[in-house]
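Engineer: Below is the file coords_36.cif, which contains mmCIF, C-alpha atoms and all ligand atoms.
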```
data_protein
#
loop_
_atom_site.label_atom_id
_atom_site.label_comp_id
_atom_site.auth_asym_id
_atom_site.auth_seq_id
_atom_site.Cartn_x
_atom_site.Cartn_y
_atom_site.Cartn_z
CA MET F 18 36.11 13.00 -16.25
CA PRO F 19 37.92 11.58 -13.18
CA SER F 20 37.39 12.97 -9.72
CA PHE F 21 40.30 13.73 -7.41
CA THR F 22 40.69 13.51 -3.66
CA ILE F 23 43.78 15.29 -2.44
CA LEU F 24 44.98 14.30 1.01
CA GLY F 25 46.61 17.27 2.74
CA CYS F 26 46.00 21.01 2.77
CA GLY F 27 49.54 22.37 3.05
CA VAL F 28 51.35 24.11 0.22
CA SER F 29 51.66 20.82 -1.74
CA GLY F 30 47.99 19.85 -1.52
CA LEU F 31 46.64 23.32 -2.26
CA THR F 32 49.01 23.98 -5.17
CA THR F 33 48.20 20.57 -6.68
CA GLY F 34 44.48 21.20 -6.24
CA ILE F 35 44.69 24.57 -7.98
CA CYS F 36 46.65 23.06 -10.89
CA LEU F 37 44.03 20.30 -11.37
CA LEU F 38 41.11 22.76 -11.24
CA GLU F 39 42.81 25.22 -13.59
CA ALA F 40 43.58 22.38 -16.02
CA GLY F 41 39.83 21.84 -16.34
CA TYR F 42 39.09 19.06 -13.85
CA THR F 43 35.95 20.07 -11.98
CA ASP F 44 35.62 17.46 -9.25
CA VAL F 45 38.50 18.13 -6.85
CA GLN F 46 38.28 17.87 -3.08
CA ILE F 47 40.81 18.07 -0.29
CA ILE F 48 40.61 15.96 2.86
CA ALA F 49 42.98 17.11 5.59
CA ALA F 50 43.36 16.80 9.32
CA GLN F 51 44.52 20.40 9.51
CA LEU F 52 44.01 23.46 7.36
CA PRO F 53 45.95 26.73 7.18
CA PRO F 54 46.98 28.38 9.43
CA HIS F 55 47.64 25.13 11.34
CA THR F 56 49.84 23.28 8.83
CA THR F 57 53.62 22.87 8.75
CA SER F 58 53.55 25.00 5.62
CA ASN F 59 52.35 27.96 7.67
CA LYS F 60 55.45 27.65 9.84
CA ALA F 61 57.89 28.10 6.95
CA ALA F 62 59.67 31.40 6.49
CA ALA F 63 59.52 31.05 3.39
CA ILE F 64 62.13 31.76 0.79
CA TRP F 65 62.81 30.13 -2.57
CA PHE F 66 65.90 28.11 -1.72
CA PRO F 67 66.51 24.39 -2.26
CA TYR F 68 67.45 23.19 1.24
CA LYS F 69 67.35 19.67 2.70
CA VAL F 70 65.71 18.24 -0.41
CA ASN F 71 66.58 15.70 -3.12
CA PRO F 72 67.18 14.61 -5.90
CA GLN F 73 69.14 17.59 -7.14
CA ASP F 74 68.33 17.34 -10.87
CA LEU F 75 64.57 17.13 -10.38
CA VAL F 76 64.61 19.65 -7.55
CA LEU F 77 66.34 22.11 -9.86
CA LYS F 78 63.72 21.53 -12.57
CA TRP F 79 60.76 21.84 -10.17
CA SER F 80 62.33 24.84 -8.42
CA MET F 81 62.80 26.72 -11.68
CA GLU F 82 59.24 25.95 -12.81
CA SER F 83 58.03 27.30 -9.48
CA TYR F 84 60.32 30.35 -9.76
CA ALA F 85 58.62 31.28 -13.06
CA ILE F 86 55.18 31.06 -11.48
CA TYR F 87 56.26 33.12 -8.47
CA GLN F 88 57.43 35.79 -10.95
CA GLU F 89 53.82 36.03 -12.13
CA LEU F 90 52.38 35.92 -8.60
CA ALA F 91 54.71 38.71 -7.46
CA LYS F 92 52.88 41.10 -9.83
CA ASP F 93 49.93 40.99 -7.40
CA THR F 94 50.79 42.17 -3.88
CA ALA F 95 47.75 40.32 -2.47
CA THR F 96 49.58 37.00 -2.97
CA GLY F 97 52.27 37.81 -0.39
CA VAL F 98 55.03 36.97 -2.90
CA HIS F 99 57.81 39.41 -3.70
CA PHE F 100 61.41 39.14 -4.90
CA VAL F 101 64.37 39.85 -2.64
CA ASP F 102 68.15 39.66 -2.73
CA TRP F 103 69.11 36.55 -0.75
CA PHE F 104 72.71 36.43 0.52
CA VAL F 105 74.14 32.95 1.07
CA LEU F 106 77.37 33.47 3.01
CA GLU F 107 80.44 31.29 2.73
CA GLN F 108 83.65 30.95 4.67
CA SER F 109 85.88 30.04 1.70
CA LEU F 110 86.20 31.14 -1.89
CA THR F 111 84.86 29.03 -4.78
CA ASP F 112 84.93 29.69 -8.49
CA GLU F 113 81.56 28.35 -9.41
CA ALA F 114 77.99 29.33 -8.75
CA PRO F 115 76.14 26.85 -6.49
CA TRP F 116 74.04 24.12 -8.17
CA TRP F 117 70.76 25.74 -7.13
CA ALA F 118 71.68 28.98 -8.94
CA ALA F 119 72.63 27.26 -12.20
CA GLU F 120 69.41 28.11 -14.04
CA LEU F 121 68.45 31.43 -12.51
CA PRO F 122 68.04 34.27 -15.04
CA PRO F 123 71.46 35.90 -15.72
CA ASN F 124 70.52 39.11 -13.90
CA ALA F 125 69.25 37.18 -10.85
CA TYR F 126 72.57 35.85 -9.60
CA ARG F 127 75.94 37.39 -8.78
CA LYS F 128 78.72 37.13 -6.26
CA ALA F 129 78.83 39.80 -3.57
CA GLU F 130 81.37 42.62 -3.66
CA GLN F 131 83.87 42.56 -0.79
CA SER F 132 82.18 45.65 0.70
CA GLU F 133 78.85 43.79 0.92
CA LEU F 134 80.17 40.94 3.08
CA PRO F 135 79.55 40.69 6.82
CA LYS F 136 82.76 40.39 8.86
CA GLY F 137 84.56 37.04 8.66
CA TYR F 138 83.09 35.77 5.38
CA ALA F 139 85.08 35.13 2.21
CA GLN F 140 82.21 35.32 -0.24
CA ALA F 141 78.45 35.43 -0.68
CA HIS F 142 76.14 34.30 -3.45
CA ILE F 143 73.40 36.87 -4.03
CA ALA F 144 70.30 35.52 -5.72
CA ASN F 145 67.15 37.46 -6.51
CA VAL F 146 64.49 34.98 -5.41
CA PRO F 147 60.85 34.79 -4.31
CA MET F 148 60.09 35.56 -0.67
CA ILE F 149 56.76 33.97 0.15
CA GLU F 150 55.05 35.52 3.16
CA THR F 151 53.34 32.38 4.40
CA PRO F 152 50.57 33.97 6.53
CA ILE F 153 49.34 35.83 3.42
CA TYR F 154 50.22 33.25 0.77
CA MET F 155 48.60 30.21 2.44
CA GLN F 156 45.30 32.14 2.74
CA TYR F 157 45.66 33.22 -0.88
CA LEU F 158 46.09 29.58 -2.00
CA LEU F 159 43.13 28.45 0.10
CA GLN F 160 40.91 31.15 -1.37
CA ARG F 161 42.05 30.49 -4.96
CA PHE F 162 41.35 26.75 -4.51
CA LYS F 163 37.83 27.41 -3.18
CA GLU F 164 37.04 30.06 -5.81
CA LYS F 165 37.89 27.57 -8.57
CA GLY F 166 35.33 25.17 -7.11
CA GLY F 167 37.55 23.03 -4.85
CA LEU F 168 35.90 21.46 -1.81
CA ILE F 169 37.49 20.87 1.59
CA GLU F 170 36.71 18.34 4.31
CA ILE F 171 38.49 18.39 7.66
CA ARG F 172 39.22 14.82 8.71
CA ARG F 173 42.16 12.66 9.74
CA ILE F 174 42.32 9.46 7.72
CA ASN F 175 43.94 6.24 8.86
CA SER F 176 44.44 4.55 5.50
CA PHE F 177 44.09 5.19 1.77
CA GLU F 178 41.60 2.28 1.55
CA GLU F 179 39.27 4.18 3.85
CA VAL F 180 38.97 6.93 1.21
CA LEU F 181 39.06 4.64 -1.83
CA GLN F 182 36.14 2.61 -0.44
CA GLU F 183 34.05 5.77 -0.07
CA ASN F 184 34.62 6.78 -3.66
CA ALA F 185 35.87 4.00 -5.89
CA GLU F 186 36.05 6.34 -8.92
CA SER F 187 38.33 8.87 -7.27
CA VAL F 188 42.06 9.25 -7.84
CA LEU F 189 43.91 9.98 -4.59
CA ILE F 190 46.74 12.48 -4.50
CA ASN F 191 48.83 12.01 -1.40
CA CYS F 192 50.20 15.36 -0.16
CA THR F 193 50.35 14.52 3.54
CA GLY F 194 53.93 15.62 4.26
CA LEU F 195 55.15 13.93 7.42
CA GLY F 196 51.78 12.12 7.68
CA ALA F 197 52.92 9.96 4.75
CA LYS F 198 55.31 8.16 7.09
CA ASN F 199 52.41 6.22 8.65
CA LEU F 200 49.98 6.22 5.75
CA CYS F 201 52.59 4.73 3.39
CA GLU F 202 54.57 2.89 6.06
CA ASP F 203 57.51 4.75 4.56
CA ILE F 204 60.43 4.52 6.96
CA GLY F 205 62.39 6.88 4.71
CA VAL F 206 60.25 9.81 5.90
CA TYR F 207 61.37 11.68 8.99
CA PRO F 208 61.24 15.21 10.44
CA ILE F 209 64.04 17.73 10.37
CA GLN F 210 63.04 19.93 13.26
CA GLY F 211 63.49 23.69 12.95
CA HIS F 212 63.20 26.46 15.55
CA ILE F 213 62.03 29.90 14.42
CA VAL F 214 62.20 33.17 16.36
CA GLN F 215 60.10 36.17 15.35
CA LEU F 216 61.33 39.70 16.02
CA GLU F 217 59.39 42.90 15.55
CA ALA F 218 59.26 43.94 11.91
CA ALA F 219 61.81 46.07 10.06
CA THR F 220 62.14 47.20 6.49
CA ASN F 221 64.39 45.15 4.27
CA GLU F 222 66.51 48.23 3.64
CA GLU F 223 67.38 47.91 7.32
CA ILE F 224 67.82 44.14 7.56
CA ARG F 225 69.11 42.11 4.62
CA TYR F 226 68.06 38.54 3.79
CA LEU F 227 71.09 36.57 4.99
CA ALA F 228 71.91 32.90 5.51
CA ASP F 229 74.94 31.13 6.90
CA GLU F 230 74.43 27.42 6.27
CA ALA F 231 77.82 25.99 7.20
CA GLY F 232 80.07 28.81 8.40
CA GLN F 233 81.01 30.39 11.71
CA ASN F 234 77.42 31.32 12.65
CA ALA F 235 75.61 28.33 11.15
CA LEU F 236 72.80 27.73 11.16
CA ALA F 237 71.61 31.32 10.98
CA TYR F 238 69.20 33.05 8.66
CA MET F 239 67.07 36.18 8.75
CA MET F 240 64.15 37.22 6.60
CA PRO F 241 62.22 40.44 7.13
CA ARG F 242 58.50 40.00 6.47
CA LYS F 243 55.58 42.41 6.82
CA ASP F 244 54.56 40.95 10.18
CA CYS F 245 57.99 40.25 11.71
CA ILE F 246 61.62 39.39 11.06
CA VAL F 247 61.91 35.60 10.84
CA LEU F 248 65.11 34.29 12.42
CA GLY F 249 66.41 30.74 12.23
CA GLY F 250 67.41 28.28 12.81
CA THR F 251 68.04 24.70 13.56
CA ALA F 252 67.89 21.48 11.54
CA GLU F 253 67.65 18.46 13.86
CA ALA F 254 66.98 15.22 12.01
CA HIS F 255 64.62 12.64 13.58
CA GLN F 256 63.53 15.13 16.25
CA TYR F 257 59.71 15.08 16.65
CA ASP F 258 59.41 17.46 19.60
CA LEU F 259 57.23 20.54 18.94
CA GLU F 260 58.06 22.22 22.24
CA VAL F 261 60.17 25.39 22.05
CA ASN F 262 63.55 25.04 23.75
CA GLU F 263 64.38 28.46 25.26
CA GLN F 264 68.13 27.78 25.17
CA VAL F 265 67.90 27.09 21.44
CA VAL F 266 65.97 30.36 21.00
CA ALA F 267 68.68 32.27 22.90
CA ASP F 268 71.37 30.64 20.74
CA ILE F 269 69.58 31.57 17.51
CA LEU F 270 69.28 35.18 18.69
CA GLU F 271 72.97 35.26 19.57
CA ARG F 272 74.09 33.83 16.22
CA CYS F 273 71.83 36.16 14.23
CA GLU F 274 72.87 39.23 16.22
CA ARG F 275 76.53 38.37 15.59
CA LEU F 276 75.72 38.26 11.90
CA GLN F 277 73.57 41.39 11.96
CA PRO F 278 74.18 43.63 15.03
CA LYS F 279 71.17 45.82 14.04
CA LEU F 280 68.94 43.05 15.40
CA LYS F 281 70.08 43.73 18.96
CA GLY F 282 67.42 45.15 21.26
CA ARG F 283 64.51 44.32 18.96
CA LYS F 284 61.46 42.92 20.68
CA VAL F 285 60.96 39.14 20.46
CA LEU F 286 57.39 38.54 19.30
CA GLY F 287 57.45 34.77 19.68
CA SER F 288 59.10 31.50 18.80
CA TYR F 289 57.92 28.12 17.55
CA VAL F 290 59.03 24.77 16.18
CA GLY F 291 58.22 23.19 12.82
CA LEU F 292 59.01 19.77 11.38
CA ARG F 293 60.36 19.72 7.83
CA PRO F 294 58.90 16.61 6.14
CA TYR F 295 62.13 15.08 4.86
CA ARG F 296 62.67 12.03 2.65
CA SER F 297 65.88 10.90 0.93
CA GLU F 298 64.10 11.88 -2.31
CA ILE F 299 60.78 13.60 -2.96
CA ARG F 300 58.27 10.87 -3.78
CA LEU F 301 56.37 11.94 -6.87
CA GLU F 302 54.98 8.90 -8.67
CA ARG F 303 51.85 6.98 -9.57
CA GLU F 304 51.21 3.61 -7.94
CA LEU F 305 50.81 0.70 -10.34
CA HIS F 306 47.90 -1.13 -8.72
CA ARG F 307 45.96 1.57 -6.90
CA PRO F 308 44.71 4.95 -8.19
CA ILE F 309 47.12 6.88 -5.99
CA VAL F 310 49.68 9.55 -6.92
CA HIS F 311 52.22 10.49 -4.26
CA ASN F 312 53.60 14.00 -3.80
CA TYR F 313 55.44 14.21 -0.48
CA GLY F 314 58.87 14.43 1.14
CA HIS F 315 59.68 18.05 0.23
CA GLY F 316 61.93 18.58 3.27
CA GLY F 317 62.99 22.20 3.74
CA SER F 318 61.78 23.24 0.27
CA GLY F 319 58.04 22.70 -0.06
CA PHE F 320 57.46 26.24 -1.33
CA THR F 321 60.55 26.19 -3.54
CA VAL F 322 59.32 23.20 -5.56
CA ALA F 323 55.51 23.39 -5.07
CA TRP F 324 54.43 24.51 -8.57
CA GLY F 325 56.88 22.26 -10.40
CA CYS F 326 55.73 19.26 -8.37
CA ALA F 327 52.05 20.09 -8.91
CA LYS F 328 52.67 20.32 -12.66
CA GLU F 329 54.29 16.90 -12.57
CA VAL F 330 51.25 15.45 -10.76
CA LEU F 331 49.09 16.88 -13.54
CA GLU F 332 51.27 15.14 -16.18
CA LEU F 333 50.97 11.86 -14.28
CA VAL F 334 47.18 11.94 -14.01
CA ARG F 335 46.78 12.96 -17.63
C1 LIG G 1 61.15 26.01 10.27
C2 LIG G 1 60.86 25.74 8.82
C3 LIG G 1 61.28 26.63 7.85
C4 LIG G 1 61.02 26.36 6.50
N1 LIG G 1 61.42 27.27 5.56
C5 LIG G 1 61.17 27.01 4.26
C6 LIG G 1 61.57 27.95 3.26
O1 LIG G 1 62.13 29.02 3.56
N2 LIG G 1 61.32 27.64 1.95
C7 LIG G 1 60.69 26.48 1.59
O2 LIG G 1 60.50 26.26 0.38
N3 LIG G 1 60.31 25.58 2.52
C8 LIG G 1 60.54 25.81 3.83
N4 LIG G 1 60.16 24.91 4.77
C9 LIG G 1 59.64 23.59 4.34
C10 LIG G 1 58.16 23.62 4.04
O3 LIG G 1 57.47 24.17 5.12
C11 LIG G 1 57.67 22.18 3.78
O4 LIG G 1 58.45 21.53 2.83
C12 LIG G 1 56.23 22.24 3.28
O5 LIG G 1 55.45 22.94 4.21
C13 LIG G 1 55.64 20.86 3.05
O6 LIG G 1 54.32 21.08 2.63
P1 LIG G 1 53.28 19.90 2.51
O7 LIG G 1 52.05 20.49 1.96
O8 LIG G 1 53.91 18.77 1.77
O9 LIG G 1 53.07 19.42 4.03
P2 LIG G 1 52.29 20.09 5.25
O10 LIG G 1 52.30 21.56 5.20
O11 LIG G 1 52.80 19.41 6.47
O12 LIG G 1 50.78 19.63 5.01
C14 LIG G 1 50.40 18.28 5.22
C15 LIG G 1 48.90 18.20 5.19
O13 LIG G 1 48.52 16.82 5.28
C16 LIG G 1 47.58 16.65 6.31
N5 LIG G 1 47.66 15.29 6.83
C17 LIG G 1 48.78 14.62 7.25
N6 LIG G 1 48.44 13.37 7.64
C18 LIG G 1 47.11 13.26 7.46
C19 LIG G 1 46.15 12.22 7.69
N7 LIG G 1 46.50 11.02 8.17
N8 LIG G 1 44.85 12.45 7.40
C20 LIG G 1 44.44 13.65 6.92
N9 LIG G 1 45.30 14.67 6.68
C21 LIG G 1 46.61 14.47 6.95
C22 LIG G 1 47.92 17.74 7.31
O14 LIG G 1 46.83 17.98 8.20
C23 LIG G 1 48.20 18.90 6.37
O15 LIG G 1 47.00 19.47 5.94
C24 LIG G 1 60.35 25.16 6.13
C25 LIG G 1 59.89 24.29 7.12
C26 LIG G 1 60.13 24.57 8.45
C27 LIG G 1 59.61 23.60 9.49
#
```
What would you get if you wrote out this structure as structure tokens?
Ligand SMILES: Cc1cc2nc3c(=O)[nH]c(=O)nc-3n(C[C@H](O)[C@H](O)[C@H](O)COP(=O)(O)OP(=O)(O)OC[C@H]3O[C@@H](n4cnc5c(N)ncnc54)[C@H](O)[C@@H]3O)c2cc1C

Structural biologist:
Amino acid sequence: MPSFTILGCGVSGLTTGICLLEAGYTDVQIIAAQLPPHTTSNKAAAIWFPYKVNPQDLVLKWSMESYAIYQELAKDTATGVHFVDWFVLEQSLTDEAPWWAAELPPNAYRKAEQSELPKGYAQAHIANVPMIETPIYMQYLLQRFKEKGGLIEIRRINSFEEVLQENAESVLINCTGLGAKNLCEDIGVYPIQGHIVQLEAATNEEIRYLADEAGQNALAYMMPRKDCIVLGGTAEAHQYDLEVNEQVVADILERCERLQPKLKGRKVLGSYVGLRPYRSEIRLERELHRPIVHNYGHGGSGFTVAWGCAKEVLELVR
């Protein structure tokens, strides 16, 4: 029976680890420089929504596989997963459903009625999708991985050889997100920086889950969670800075309040910056000459595709 060393303890590494353990492999360890709650994954909002991620056909497949698993997870409130109506606003009318909605269950997608639209928008796609409360869900994944027998070591590695030399029998699974840029010398990997603002919590009857990706208030999105309302956002390619820019925070607040005036006057709990680990295409493949499987480059959609990607890793190692 092979042993596995997963590099990375974000949503990709943990989900892959759980899939391997639950498929019957017993010797699975994670090595990671940072664990939850200090990973990029913990900074995500996070909603099921393919955003800044490629290639479309595989993303759709992996997203739908993940959607099915989130349907199961949502039955247990302890996971932090629940389903919400997600409004994607548009400035002009189109006939078709967007590509990412193509395979949603028939009752999980519709176009908004005129009366449901915020002022100035021509249409909205409403999809019933998983909302993944990252502070709860990342802890849930960590615990599930450990309970199944997974081991964790906190360490930054400088090369794959370093780990392969320590355990020549082990198969490495590379889930290092942005860290893969250096480890793989992959110039195709770069950050898409995102600012997040957290407002005091509200019920989702009060505040709807809205996004304007390309219209008059873009980029703006809002997602009520148990701990806060997550507001976004920005998407700055090649920007590595993790410092919060207060002007950007003020602009996000202004755009979101224009979209949803009920946000006005709510207390700001905090703000932070996260780096989406983007690549022109997710890299999910086995190397020919070294026992390494890569699973990185999930951009703005690591949660959206996590279970589908982990399943694919399992197929590759089998
Ligand atoms: C502002 C923002 C909002 C987002 N919203 C959403 C959303 O709504 N829905 C969604 O699906 N996605 C969203 N995302 C994207 C999502 O967060 C990422 O795609 C996902 O977190 C990537 O997970 P990962 O496990 O691949 O990487 P990470 O979470 O970055 O984990 C990488 C792991 O690798 C480790 N590592 C890296 N290099 C090394 C090294 N050399 N040695 C040892 N360990 C190493 C790190 O310590 C860490 O443990 C958002 C991202 C941001 C920034």

Engineer: Taking all atoms of ligand LIG 1 (chain G) that appear in the file, build a box with edges along x, y and z, extend it by 4 Å on every side, and state its centre and edge lengths in Å to one decimal, as JSON.

Structural biologist:
```
{"center_x": 53.3, "center_y": 20.0, "center_z": 5.3, "size_x": 25.7, "size_y": 26.0, "size_z": 17.9}
```

Engineer: Check every protein, DNA and RNA residue against ligand LIG 1 (chain G), keep those with an atom at most 6 Å away (counting all atoms listed in the file), and present them as a PyMOL selection string.

Structural biologist: chain F and resi 24-30+49-52+56-58+60-66+172-175+192-194+196+211-213+291-294+313+315-321

Engineer: Output the selection as a PDB file, in the frame of the given file - C-alpha atoms for each residue.

Structural biologist:
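Result written to selection-v3.pdb:
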```
ATOM      1  CA  LEU F  24      44.980  14.300   1.010  1.00  0.00           C
ATOM      2  CA  GLY F  25      46.610  17.270   2.740  1.00  0.00           C
ATOM      3  CA  CYS F  26      46.000  21.010   2.770  1.00  0.00           C
ATOM      4  CA  GLY F  27      49.540  22.370   3.050  1.00  0.00           C
ATOM      5  CA  VAL F  28      51.350  24.110   0.220  1.00  0.00           C
ATOM      6  CA  SER F  29      51.660  20.820  -1.740  1.00  0.00           C
ATOM      7  CA  GLY F  30      47.990  19.850  -1.520  1.00  0.00           C
ATOM      8  CA  ALA F  49      42.980  17.110   5.590  1.00  0.00           C
ATOM      9  CA  ALA F  50      43.360  16.800   9.320  1.00  0.00           C
ATOM     10  CA  GLN F  51      44.520  20.400   9.510  1.00  0.00           C
ATOM     11  CA  LEU F  52      44.010  23.460   7.360  1.00  0.00           C
ATOM     12  CA  THR F  56      49.840  23.280   8.830  1.00  0.00           C
ATOM     13  CA  THR F  57      53.620  22.870   8.750  1.00  0.00           C
ATOM     14  CA  SER F  58      53.550  25.000   5.620  1.00  0.00           C
ATOM     15  CA  LYS F  60      55.450  27.650   9.840  1.00  0.00           C
ATOM     16  CA  ALA F  61      57.890  28.100   6.950  1.00  0.00           C
ATOM     17  CA  ALA F  62      59.670  31.400   6.490  1.00  0.00           C
ATOM     18  CA  ALA F  63      59.520  31.050   3.390  1.00  0.00           C
ATOM     19  CA  ILE F  64      62.130  31.760   0.790  1.00  0.00           C
ATOM     20  CA  TRP F  65      62.810  30.130  -2.570  1.00  0.00           C
ATOM     21  CA  PHE F  66      65.900  28.110  -1.720  1.00  0.00           C
ATOM     22  CA  ARG F 172      39.220  14.820   8.710  1.00  0.00           C
ATOM     23  CA  ARG F 173      42.160  12.660   9.740  1.00  0.00           C
ATOM     24  CA  ILE F 174      42.320   9.460   7.720  1.00  0.00           C
ATOM     25  CA  ASN F 175      43.940   6.240   8.860  1.00  0.00           C
ATOM     26  CA  CYS F 192      50.200  15.360  -0.160  1.00  0.00           C
ATOM     27  CA  THR F 193      50.350  14.520   3.540  1.00  0.00           C
ATOM     28  CA  GLY F 194      53.930  15.620   4.260  1.00  0.00           C
ATOM     29  CA  GLY F 196      51.780  12.120   7.680  1.00  0.00           C
ATOM     30  CA  GLY F 211      63.490  23.690  12.950  1.00  0.00           C
ATOM     31  CA  HIS F 212      63.200  26.460  15.550  1.00  0.00           C
ATOM     32  CA  ILE F 213      62.030  29.900  14.420  1.00  0.00           C
ATOM     33  CA  GLY F 291      58.220  23.190  12.820  1.00  0.00           C
ATOM     34  CA  LEU F 292      59.010  19.770  11.380  1.00  0.00           C
ATOM     35  CA  ARG F 293      60.360  19.720   7.830  1.00  0.00           C
ATOM     36  CA  PRO F 294      58.900  16.610   6.140  1.00  0.00           C
ATOM     37  CA  TYR F 313      55.440  14.210  -0.480  1.00  0.00           C
ATOM     38  CA  HIS F 315      59.680  18.050   0.230  1.00  0.00           C
ATOM     39  CA  GLY F 316      61.930  18.580   3.270  1.00  0.00           C
ATOM     40  CA  GLY F 317      62.990  22.200   3.740  1.00  0.00           C
ATOM     41  CA  SER F 318      61.780  23.240   0.270  1.00  0.00           C
ATOM     42  CA  GLY F 319      58.040  22.700  -0.060  1.00  0.00           C
ATOM     43  CA  PHE F 320      57.460  26.240  -1.330  1.00  0.00           C
ATOM     44  CA  THR F 321      60.550  26.190  -3.540  1.00  0.00           C
TER      45      THR F 321
END
```

Engineer: Skipping near chain neighbours, those fewer than 6 positions away, what residues fall within 10 Å of Thr251 of chain F using all atoms listed in the file, listed as a ChimeraX atom specification?

Structural biologist: /F:209-213,235-238,265-266,268-269,290-291

Engineer: Rounded to one decimal in Å, what is the spacing between atom CA of Leu31 of chain F and atom CA of Leu168 of chain F?

Structural biologist: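 One can read the atom CA of Leu31 of chain F to atom CA of Leu168 of chain F distance as 10.9 Å.
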
Engineer: Can you measure atom CA of Phe162 of chain F to atom CA of Asn59 of chain F for me? One decimal in Å is fine.

Structural biologist: 16.5 Å

Engineer: Nearest to Met148 of chain F: which of F:Glu302, F:Glu170, F:Glu179, F:Asp102 is it, counting all atoms listed in the file?

Structural biologist: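 Of the candidates, the smallest distance to Met148 of chain F is held by F:Asp102.
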
Engineer: So that I can look at just that part, could you write segment 190-211 of chain F with C-alpha atoms, as a PDB file, in the first residue's frame?

Structural biologist:
```
ATOM      1  CA  ILE F 190       0.565  15.392  -3.794  1.00  0.00           C
ATOM      2  CA  ASN F 191       1.287  19.029  -4.455  1.00  0.00           C
ATOM      3  CA  CYS F 192      -1.521  21.240  -3.101  1.00  0.00           C
ATOM      4  CA  THR F 193       0.569  24.314  -2.329  1.00  0.00           C
ATOM      5  CA  GLY F 194      -1.562  26.949  -4.073  1.00  0.00           C
ATOM      6  CA  LEU F 195       0.548  30.016  -4.762  1.00  0.00           C
ATOM      7  CA  GLY F 196       3.564  28.212  -3.223  1.00  0.00           C
ATOM      8  CA  ALA F 197       3.654  26.058  -6.374  1.00  0.00           C
ATOM      9  CA  LYS F 198       5.024  29.033  -8.296  1.00  0.00           C
ATOM     10  CA  ASN F 199       8.460  28.556  -6.691  1.00  0.00           C
ATOM     11  CA  LEU F 200       8.339  24.842  -5.974  1.00  0.00           C
ATOM     12  CA  CYS F 201       7.486  24.028  -9.612  1.00  0.00           C
ATOM     13  CA  GLU F 202       9.197  27.057 -11.131  1.00  0.00           C
ATOM     14  CA  ASP F 203       5.829  27.601 -12.789  1.00  0.00           C
ATOM     15  CA  ILE F 204       5.724  31.121 -14.175  1.00  0.00           C
ATOM     16  CA  GLY F 205       2.069  30.586 -15.100  1.00  0.00           C
ATOM     17  CA  VAL F 206       1.087  30.858 -11.422  1.00  0.00           C
ATOM     18  CA  TYR F 207       0.333  34.296 -10.046  1.00  0.00           C
ATOM     19  CA  PRO F 208      -1.892  35.923  -7.407  1.00  0.00           C
ATOM     20  CA  ILE F 209      -5.166  37.686  -8.047  1.00  0.00           C
ATOM     21  CA  GLN F 210      -5.365  39.886  -4.996  1.00  0.00           C
ATOM     22  CA  GLY F 211      -8.723  40.366  -3.300  1.00  0.00           C
TER      23      GLY F 211
END
```
